[in-house]
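Everything on this sheet refers to the single structure shown next.
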Amino acid sequence: GKEKWPRGDESVWKEGLRSADEDVSSITKSIVHHVQTSLSRQAYNLDDLGAYQATALSAKDNMLLNWNETQLAYTRKQPKRAYYLCIEYLMGRTFDNAILNLGLKDQYREGIDQLGFNLEDLIDKERDAALGNGGLGRLAACYLDSSSSQELPVWGYSLRYKYGIFQQLIAPDGSQLEAPDPWLEHLNPFEIPRYDVQYEIRFYGQSERTTKGRAVWSGGQEVLAVAYDVMIPGYGTKNTNNLRLWESKPKRGFDLQSFNAGDYERAVEASNSAEAITSVLYPNDNTTFGKELRLKQQYFWTAASLADIIRRFKSLDKPFSALPDYAAIQLNDTHPTLAIPELMRILVDEEEVPWDDAWEIVTNTFFFTNHTVLPEALEKWAVPLLEHLLPRHLQIIYDINLIFVQSVEKKFPGDRDRLARMSLIEEGYPKQVRMAYLAIIGSRKVNGVAELHSELLRTTICKDFVEFFGISKFGNVTNGVTPRRWLDQCNPGLSALITETLKIPKSEWLKDLKKLQGLLEYADDPKFQKKWAVVKQTNKERLAHYVETTLGVKINTKAMFDVQVKRLHEYKRQTLNIFGIIHRYFTLKSITPEERKKTNPRVVFFAGKAAPGYYIAKLVIKLIINVARVINADPDTKEYLQVYFLPDYSVSVAELLVPASNISQHISTAGTEASGTSNMKFCLNGGLLVGTVDGANIEIGEEIGDENVFFFGHLTPAVEDLRYQHTYHPVPIEQKCPALAHVLNEISAGKFGEGQTYEPLLNTVRHHDHYLLTEDFQSYIDALKLVDEAYLDQSKWLKKSITTCAKMGKFSSDRAILDYAEEYWSIEPLTVE
Ligand code: GL7
């Protein structure tokens, strides 16, 4: 029998219930209260950091009320839920976004003002939650914002890394240095520890098969997973979803036996190894790093998340066959693929569900998104490592494979090559488990992240699986970005201008981004264009101010701002950009001062981190910085060309860069960038795009009109042929592309510092040229020339800029998350009253 609740006198309880602080005076009261109690500080004697913390705690209280009501509604109404498993979430800052989504920013500004502080200063005190590398992690963060805003019951699951992505420092010689990111040093006001939500996670040990395909897994090491919850407030709704992060802890504080024997080091060894699991985010983007600790992270996170999901499902008192009616689990890339054998283990070994029934449940519960076709990013785990760390899971993977391969043989009798190609186990020394294949066969549906990418998946990596399962299993959901953070929050000037022009409340177009189309009728209007230009100029000045305070340089804000910010990767071709800059510099030097005056002044910004072990990517950073040094100091050209590398790129730095761009560059070799998402952010803020016919650039062109995009370069179908040519019929670079050859020679000759340093980088272009710089360089230069010409006619340019923004509606992450909800997960919105 359930207890009656509340205990005691209900009216006393009710009187104690807190309601939201929505007016200025309750907000200031709450802030002062937190100063006195939570921070234990003298109320009158407070610095910005303290004021930020108290204010953030008051915002958190407001979110908590909504969070509680949302979770209660989910528990009561028992809707089908979706769980988004992503090993990284690049959240950035929370406070500003929270008060915007709560609709309380004006009230907070006024309250902060009354207390003698400035809201923007306090916002700047927050450290980014940088638990991700790049696009993949930021996409996950946008999807959480959209799931709450669209009132969809979605929870995220990930790891609570003690250290996020490293902090990037630049040494005097231009090298990247890495420093730790101890982001939890100060109190994190936005997380709620859940010491009562804990699971034991096993590693190593032995697995003994028993009967009916079951086994008993025992021994080894047991580690505790402790939950921390992060609230995800929706925009203009009470719905507040949850991001649950797991922290690893030793099951026992220390080993008492060793401790009593005086061996203190030994006593804490196991506890250190348990804590190591969630210590640090792996800093690789689009490449695998096959280390045991990474595999431990993956299993720790998926096992804890599944245990949590299953516990919640069991409280519903339904048969296991109903799991797919109550839960959809999204595998974001292959990192959580161990969830598939783990759910089989839970169902078969622990719940005694027959194997075939269990497999039916599994393959109706999981969904898999692939985020890249780069071969170096496709995860494979060595069989001996898996066997050592997760002996039971390896058995299960072998059993899944046996049954699968038999069914392939049945459909395509005698096709040995096909069996070898499709097997989950890749032969070799050592044998390896192909995680993408496991994810494909264990999921209900598979998708890519832009039209071109999804098509490439169907015709390459998934080809055999399309022939086996049929085409309908392989879909596409083009990525999106949240217009709350990436327009309203980062570009308040533009947001206000849009609202004033559309004559509808902000909340309407921010949740239905196609409404931006209403701007089209003003695209030619000189008055509107003027206002549009003023907003851009203000954003450029804001960025210039940031650069001045961080790098100590003054920037010409009248020049065109050209931005390329993203992880350093050969396929993204920051090299093309810096070589193009050198080419432009030489051209400027070769003309008369009078001719120079007629050119279009340009300031180029780079930012981005290189994986610490990625030698060539680090060389590119060094080259950019040393080229910038020479060019920025040259009195002949400095008025016409300036180059800056902004260190330590982050979500917060992106929020300054994105609104300030006139053009941004997305110039990957065709067929390599699965989607890209910053391309969407720049265009949404009225920046024009210089890009290759790749990833989501293509769909952006389709939406806004190809005449508004500066496309260049070879198309995807040509790439493979060209690579073949480069390997078997190489043509010297001097012949293929003399302009580029000249640039490389000048670098070699020491024009930008010791030429020898850059040889390994230059050789990647001279030989093989896998990313086809020599093939695309000339058309890239031509495209930039068109940019210069177009920029001369400001009225035409502004029309392009306005049109671009107006037609970006498709790229809201609201559209993307609704696609997933309807076409994949079969979940429905649930409004919290
Ligand atoms: C990525 C893709 O490289 C990027 O193009 C895409 O926009 C993003 C989100 O789908 O996923 N894949 C990947 O491994 N990383 C990405 O950013 C790190």
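We label chains A, B, ... in the order they appear in the structure tokens, count residues from 1 in each chain, and number ligands from 1 in the order shown.
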Surrounding residues as a PDB file with C-alpha atoms, in the first residue's frame, ligand 1, max 6 Å, only C-alpha atoms and all ligand atoms:
```pdb
ATOM      1  CA  GLY A 134      32.959  20.627 -32.337  1.00  0.00           C
ATOM      2  CA  GLY A 135      29.865  20.304 -34.499  1.00  0.00           C
ATOM      3  CA  LEU A 136      28.730  16.953 -33.193  1.00  0.00           C
ATOM      4  CA  LEU A 139      24.399  19.823 -32.448  1.00  0.00           C
ATOM      5  CA  ASP A 285      37.233  15.435 -33.566  1.00  0.00           C
ATOM      6  CA  ASN A 286      36.410  13.232 -36.522  1.00  0.00           C
ATOM      7  CA  HIS A 371      27.949  11.920 -38.629  1.00  0.00           C
ATOM      8  CA  THR A 372      30.884  11.341 -40.941  1.00  0.00           C
ATOM      9  CA  VAL A 449      22.862  14.577 -41.380  1.00  0.00           C
ATOM     10  CA  GLU A 673      31.957  17.489 -44.542  1.00  0.00           C
ATOM     11  CA  ALA A 674      28.862  15.540 -43.543  1.00  0.00           C
ATOM     12  CA  SER A 675      26.843  18.691 -42.917  1.00  0.00           C
ATOM     13  CA  GLY A 676      28.491  21.539 -41.078  1.00  0.00           C
ATOM     14  CA  THR A 677      26.325  23.637 -38.783  1.00  0.00           C
TER      15      THR A 677
END
```
Range 460-543 of chain A near range 552-562 of chain A within 10 Å: what's each residue's closest atom pair and its distance in Å to one decimal, counting only C-alpha atoms, ordered by chain then ascending residue number, as a tab-separated table?
```
residue	atom	partner	partner_atom	distance
A:Gln537	CA	A:Thr557	CA	7.5
A:Thr538	CA	A:Thr557	CA	9.3
A:Asn539	CA	A:Thr557	CA	9.6
A:Lys540	CA	A:Thr557	CA	6.1
A:Glu541	CA	A:Thr557	CA	6.3
A:Arg542	CA	A:Thr557	CA	9.7
A:Leu543	CA	A:Thr557	CA	9.1
```
Residues just named, written with C-alpha atoms as a PDB file, in the first residue's frame:
```pdb
ATOM      1  CA  GLN A 537      28.372  47.288 -38.117  1.00  0.00           C
ATOM      2  CA  THR A 538      27.567  47.253 -34.393  1.00  0.00           C
ATOM      3  CA  ASN A 539      28.350  43.547 -34.251  1.00  0.00           C
ATOM      4  CA  LYS A 540      31.639  44.109 -36.057  1.00  0.00           C
ATOM      5  CA  GLU A 541      32.559  46.736 -33.496  1.00  0.00           C
ATOM      6  CA  ARG A 542      31.640  44.427 -30.656  1.00  0.00           C
ATOM      7  CA  LEU A 543      33.985  41.798 -32.108  1.00  0.00           C
TER       8      LEU A 543
END
```
*Distance query Leu786 in chain A at most 12 Å, only C-alpha atoms, self and fewer than 2 positions along chain excluded, as a list in words*: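 With the cut-off at 12 Å, the set is Asn600, Val690, Glu707, Asn708, Val709, Phe710, Phe711, Phe712, Ser779, Tyr780, Ile781, Asp782, Ala783, Leu784, Asp788, Glu789, Ala790, Tyr791, Leu792, Asp793 and Trp797 of chain A.
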_Set the distance at 8 Å and use only C-alpha atoms: which residues neighbour range 229-231 of chain A once local chain neighbours fewer than 2 positions away are removed? I'd like the list as a ChimeraX atom specification._
/A:63-64,67,190-194,227,233,240-245
Would you export the selected residues with N, CA and C atoms as an mmCIF file, in the first residue's frame, please?
```cif
data_model
loop_
_atom_site.group_PDB
_atom_site.id
_atom_site.type_symbol
_atom_site.label_atom_id
_atom_site.label_comp_id
_atom_site.auth_asym_id
_atom_site.auth_seq_id
_atom_site.Cartn_x
_atom_site.Cartn_y
_atom_site.Cartn_z
ATOM 1 N N MET A 63 14.106 27.772 -12.916
ATOM 2 C CA MET A 63 14.100 26.627 -13.834
ATOM 3 C C MET A 63 13.677 25.345 -13.130
ATOM 4 N N LEU A 64 14.126 25.235 -11.872
ATOM 5 C CA LEU A 64 13.833 24.009 -11.120
ATOM 6 C C LEU A 64 12.339 23.753 -10.978
ATOM 7 N N TRP A 67 11.204 22.433 -14.135
ATOM 8 C CA TRP A 67 11.798 21.104 -14.307
ATOM 9 C C TRP A 67 10.990 20.065 -13.523
ATOM 10 N N PHE A 190 24.374 25.292 -12.199
ATOM 11 C CA PHE A 190 23.324 24.696 -13.032
ATOM 12 C C PHE A 190 23.263 23.180 -12.993
ATOM 13 N N GLU A 191 23.968 22.555 -12.079
ATOM 14 C CA GLU A 191 23.846 21.099 -12.002
ATOM 15 C C GLU A 191 23.264 20.700 -10.656
ATOM 16 N N ILE A 192 22.528 19.603 -10.686
ATOM 17 C CA ILE A 192 21.932 19.096 -9.460
ATOM 18 C C ILE A 192 22.499 17.701 -9.218
ATOM 19 N N PRO A 193 23.314 17.528 -8.169
ATOM 20 C CA PRO A 193 23.815 16.178 -7.889
ATOM 21 C C PRO A 193 22.657 15.299 -7.435
ATOM 22 N N ARG A 194 22.646 14.077 -7.920
ATOM 23 C CA ARG A 194 21.595 13.125 -7.512
ATOM 24 C C ARG A 194 22.276 11.944 -6.843
ATOM 25 N N ALA A 227 24.565 10.196 -10.771
ATOM 26 C CA ALA A 227 23.899 11.109 -11.714
ATOM 27 C C ALA A 227 24.019 12.576 -11.286
ATOM 28 N N PRO A 233 15.856 24.438 -20.185
ATOM 29 C CA PRO A 233 14.597 25.180 -20.289
ATOM 30 C C PRO A 233 14.163 25.377 -21.738
ATOM 31 N N THR A 240 10.731 21.750 -19.385
ATOM 32 C CA THR A 240 12.156 21.816 -19.063
ATOM 33 C C THR A 240 12.683 20.394 -18.999
ATOM 34 N N ASN A 241 13.419 20.022 -20.028
ATOM 35 C CA ASN A 241 13.926 18.652 -20.093
ATOM 36 C C ASN A 241 15.194 18.486 -19.277
ATOM 37 N N ASN A 242 15.742 17.294 -19.319
ATOM 38 C CA ASN A 242 16.870 16.962 -18.460
ATOM 39 C C ASN A 242 18.040 16.419 -19.261
ATOM 40 N N LEU A 243 19.220 16.868 -18.884
ATOM 41 C CA LEU A 243 20.448 16.254 -19.394
ATOM 42 C C LEU A 243 21.107 15.579 -18.202
ATOM 43 N N ARG A 244 21.186 14.264 -18.238
ATOM 44 C CA ARG A 244 21.755 13.531 -17.098
ATOM 45 C C ARG A 244 23.196 13.157 -17.416
ATOM 46 N N LEU A 245 24.103 13.608 -16.558
ATOM 47 C CA LEU A 245 25.540 13.358 -16.749
ATOM 48 C C LEU A 245 26.025 12.404 -15.658
#
```
*Compile the contact shell of Ala141 in chain A as number ranges by chain: residues with an atom at most 8 Å away, counting only C-alpha atoms, same-chain residues fewer than 6 positions apart removed.*
A: 89-91
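In this model, the gap between CA of Trp183 in chain A and CA of Ser38 in chain A comes to 19.6 Å.
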_Can you pull out the residues contacting Ser795 in chain A? Cut-off 8 Å, using only C-alpha atoms, and skip same-chain residues under 3 positions away; I want them as a ChimeraX atom specification._
/A:524,526,529,798-799
*Can you list every residue in range 70-259 of chain A that DSSP puts in helix (DSSP H, G or I), as a PyMOL selection string?*
chain A and resi 70-77+95-101+105-114+119-123+135-149+256-259
Export of prior selection with C-alpha atoms as a PDB file, in the first residue's frame:
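Final output, again.pdb:
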```
ATOM      1  CA  THR A  70       7.811  18.681 -16.351  1.00  0.00           C
ATOM      2  CA  GLN A  71       9.168  15.512 -14.787  1.00  0.00           C
ATOM      3  CA  LEU A  72       5.971  15.068 -12.788  1.00  0.00           C
ATOM      4  CA  ALA A  73       3.893  15.421 -15.951  1.00  0.00           C
ATOM      5  CA  TYR A  74       6.036  12.803 -17.698  1.00  0.00           C
ATOM      6  CA  THR A  75       5.667  10.419 -14.791  1.00  0.00           C
ATOM      7  CA  ARG A  76       1.901  10.889 -14.614  1.00  0.00           C
ATOM      8  CA  LYS A  77       1.094  10.789 -18.314  1.00  0.00           C
ATOM      9  CA  PHE A  95      22.722  31.735 -17.646  1.00  0.00           C
ATOM     10  CA  ASP A  96      21.929  34.140 -20.496  1.00  0.00           C
ATOM     11  CA  ASN A  97      20.144  31.413 -22.426  1.00  0.00           C
ATOM     12  CA  ALA A  98      18.152  30.450 -19.345  1.00  0.00           C
ATOM     13  CA  ILE A  99      16.767  33.923 -18.608  1.00  0.00           C
ATOM     14  CA  LEU A 100      15.983  34.411 -22.300  1.00  0.00           C
ATOM     15  CA  ASN A 101      14.122  31.129 -22.538  1.00  0.00           C
ATOM     16  CA  LYS A 105      15.835  38.811 -19.277  1.00  0.00           C
ATOM     17  CA  ASP A 106      14.422  42.313 -18.968  1.00  0.00           C
ATOM     18  CA  GLN A 107      13.393  41.709 -15.374  1.00  0.00           C
ATOM     19  CA  TYR A 108      16.814  40.334 -14.511  1.00  0.00           C
ATOM     20  CA  ARG A 109      18.547  43.264 -16.211  1.00  0.00           C
ATOM     21  CA  GLU A 110      16.546  45.730 -14.205  1.00  0.00           C
ATOM     22  CA  GLY A 111      17.040  43.831 -10.939  1.00  0.00           C
ATOM     23  CA  ILE A 112      20.798  43.533 -11.472  1.00  0.00           C
ATOM     24  CA  ASP A 113      20.898  47.211 -12.286  1.00  0.00           C
ATOM     25  CA  GLN A 114      19.102  48.089  -9.054  1.00  0.00           C
ATOM     26  CA  LEU A 119      23.956  42.232 -16.579  1.00  0.00           C
ATOM     27  CA  GLU A 120      26.432  41.817 -19.464  1.00  0.00           C
ATOM     28  CA  ASP A 121      29.369  41.852 -17.029  1.00  0.00           C
ATOM     29  CA  LEU A 122      27.772  39.105 -14.983  1.00  0.00           C
ATOM     30  CA  ILE A 123      27.007  37.033 -18.082  1.00  0.00           C
ATOM     31  CA  GLY A 135      29.865  20.304 -34.499  1.00  0.00           C
ATOM     32  CA  LEU A 136      28.730  16.953 -33.193  1.00  0.00           C
ATOM     33  CA  GLY A 137      28.641  18.123 -29.577  1.00  0.00           C
ATOM     34  CA  ARG A 138      27.112  21.500 -30.362  1.00  0.00           C
ATOM     35  CA  LEU A 139      24.399  19.823 -32.448  1.00  0.00           C
ATOM     36  CA  ALA A 140      23.433  17.749 -29.412  1.00  0.00           C
ATOM     37  CA  ALA A 141      23.125  20.951 -27.359  1.00  0.00           C
ATOM     38  CA  CYS A 142      20.918  22.600 -30.010  1.00  0.00           C
ATOM     39  CA  TYR A 143      18.701  19.515 -30.124  1.00  0.00           C
ATOM     40  CA  LEU A 144      18.120  19.633 -26.382  1.00  0.00           C
ATOM     41  CA  ASP A 145      17.077  23.289 -26.624  1.00  0.00           C
ATOM     42  CA  SER A 146      14.665  22.413 -29.413  1.00  0.00           C
ATOM     43  CA  SER A 147      13.226  19.366 -27.680  1.00  0.00           C
ATOM     44  CA  SER A 148      12.251  21.447 -24.654  1.00  0.00           C
ATOM     45  CA  SER A 149      11.036  24.338 -26.783  1.00  0.00           C
ATOM     46  CA  LEU A 256      40.797  -1.488   3.618  1.00  0.00           C
ATOM     47  CA  GLN A 257      43.144  -4.488   3.560  1.00  0.00           C
ATOM     48  CA  SER A 258      45.998  -2.602   1.938  1.00  0.00           C
ATOM     49  CA  PHE A 259      45.240   0.398   4.115  1.00  0.00           C
TER      50      PHE A 259
END
```
*Tell me which of A:Gly470, A:Pro717, A:Pro250, A:Gly442 sits closest to Ala339 in chain A, counting only C-alpha atoms.*
A:Gly442
*asked:* Here is a test: counting only C-alpha atoms, which residue of A:Ile232, A:Val226, A:Cys683, A:Leu772 is nearest to His726 in chain A?
replied: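 Of A:Ile232, A:Val226, A:Cys683, A:Leu772, the one nearest His726 in chain A is A:Leu772, counting only C-alpha atoms.
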*Taking the DSSP assignment computed from this structure's backbone, write out as an MDAnalysis selection string all residues of range 272-501 of chain A that belong to strand (DSSP E).*
chainID A and resid 327:332 366:369 380:382 425:426 432:434 445:448 474:476
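The shell of residues at most 12 Å from Tyr398 in chain A, with only C-alpha atoms counted and near chain neighbours (fewer than 4 positions) removed, consists of Gly213, Pro341, Val383, Leu386, Glu387, Pro391, Arg392, His393, Leu394, Leu402, Ile403, Phe404, Val405, Ser423, Leu424, Ile425, Glu426, Gln432, Val433, Arg434 and Leu438 of chain A.
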Keeping only N, CA and C atoms, write those residues as a short mmCIF file (atom, residue, chain, number, x, y, z; two decimals), in the first residue's frame.
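Produced file again-v1.cif, reproduced below:
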```cif
data_model
loop_
_atom_site.label_atom_id
_atom_site.label_comp_id
_atom_site.auth_asym_id
_atom_site.auth_seq_id
_atom_site.Cartn_x
_atom_site.Cartn_y
_atom_site.Cartn_z
N GLY A 213 21.38 -19.62 -24.18
CA GLY A 213 22.10 -18.45 -24.67
C GLY A 213 22.44 -17.45 -23.59
N PRO A 341 24.61 -4.44 -27.43
CA PRO A 341 24.86 -5.67 -26.67
C PRO A 341 24.51 -5.53 -25.18
N VAL A 383 39.32 -6.92 -30.96
CA VAL A 383 38.65 -8.03 -30.25
C VAL A 383 39.34 -8.36 -28.92
N LEU A 386 38.28 -5.80 -26.29
CA LEU A 386 36.88 -5.99 -25.88
C LEU A 386 36.73 -7.21 -24.99
N GLU A 387 37.43 -8.26 -25.37
CA GLU A 387 37.31 -9.51 -24.61
C GLU A 387 37.81 -9.33 -23.18
N PRO A 391 34.00 -9.07 -21.38
CA PRO A 391 33.94 -10.44 -21.95
C PRO A 391 32.54 -10.87 -22.37
N ARG A 392 31.54 -10.48 -21.61
CA ARG A 392 30.17 -10.90 -21.94
C ARG A 392 29.69 -10.20 -23.21
N HIS A 393 30.06 -8.97 -23.38
CA HIS A 393 29.60 -8.23 -24.56
C HIS A 393 30.22 -8.79 -25.82
N LEU A 394 31.46 -9.26 -25.73
CA LEU A 394 32.06 -9.84 -26.92
C LEU A 394 31.30 -11.11 -27.32
N LEU A 402 26.75 -14.16 -35.70
CA LEU A 402 26.48 -15.48 -36.27
C LEU A 402 25.09 -15.53 -36.90
N ILE A 403 24.12 -15.06 -36.14
CA ILE A 403 22.74 -15.10 -36.64
C ILE A 403 22.58 -14.18 -37.85
N PHE A 404 23.24 -13.02 -37.79
CA PHE A 404 23.13 -12.08 -38.89
C PHE A 404 23.75 -12.63 -40.17
N VAL A 405 24.95 -13.14 -40.04
CA VAL A 405 25.66 -13.66 -41.22
C VAL A 405 24.86 -14.82 -41.84
N SER A 423 30.28 -8.80 -42.31
CA SER A 423 30.47 -9.34 -40.96
C SER A 423 30.81 -8.23 -39.96
N LEU A 424 30.33 -8.39 -38.73
CA LEU A 424 30.68 -7.43 -37.68
C LEU A 424 32.15 -7.52 -37.32
N ILE A 425 32.77 -8.63 -37.68
CA ILE A 425 34.17 -8.84 -37.33
C ILE A 425 35.03 -8.68 -38.57
N GLU A 426 35.97 -7.75 -38.49
CA GLU A 426 36.90 -7.57 -39.60
C GLU A 426 38.12 -8.46 -39.35
N GLN A 432 38.92 -7.03 -35.53
CA GLN A 432 38.27 -5.83 -34.99
C GLN A 432 36.75 -5.89 -35.14
N VAL A 433 36.06 -5.26 -34.20
CA VAL A 433 34.61 -5.18 -34.29
C VAL A 433 34.24 -3.87 -34.98
N ARG A 434 33.45 -3.98 -36.04
CA ARG A 434 33.03 -2.78 -36.79
C ARG A 434 31.79 -2.19 -36.13
N LEU A 438 27.46 -2.79 -36.36
CA LEU A 438 26.67 -3.22 -35.20
C LEU A 438 25.51 -2.23 -34.97
#
```
*Using only C-alpha atoms, which residue out of A:Glu775, A:Asp464, A:Glu570, A:Asp124 lies closest to Arg418 in chain A?*
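Under the stated criterion, the closest residue is A:Asp464.
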How close does range 151-201 of chain A get to range 643-646 of chain A? List, as CSV, each residue of range 151-201 of chain A within 12 Å, its nearest atom pair and the distance in Å to one decimal, counting only C-alpha atoms.
```
residue,atom,partner,partner_atom,distance
A:Gln168,CA,A:Leu646,CA,10.0
A:Leu169,CA,A:Leu646,CA,10.0
A:Ile170,CA,A:Leu646,CA,9.5
A:Gly174,CA,A:Phe645,CA,9.9
A:Ser175,CA,A:Phe645,CA,11.8
A:Gln176,CA,A:Phe645,CA,11.3
```
Store the residues picked out above in a file with C-alpha atoms, as a tab-separated table (two decimals), in the first residue's frame.
```
chain	number	residue	atom	x	y	z
A	168	GLN	CA	44.28	26.54	-26.32
A	169	LEU	CA	47.29	28.79	-25.79
A	170	ILE	CA	49.56	30.08	-28.52
A	174	GLY	CA	52.96	30.23	-33.13
A	175	SER	CA	52.65	26.68	-31.76
A	176	GLN	CA	49.48	25.51	-30.09
```
_From A:Pro829, A:Gly518, A:Gly608, A:Pro172, residue lying nearest Glu500 in chain A [only C-alpha atoms]_ =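 For Glu500 in chain A, the nearest of the candidates is A:Gly518.
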*Mind pulling up the distance from CA of Ala739 in chain A to CA of Val693 in chain A?*
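Here the two named atoms are 22.7 Å from each other.
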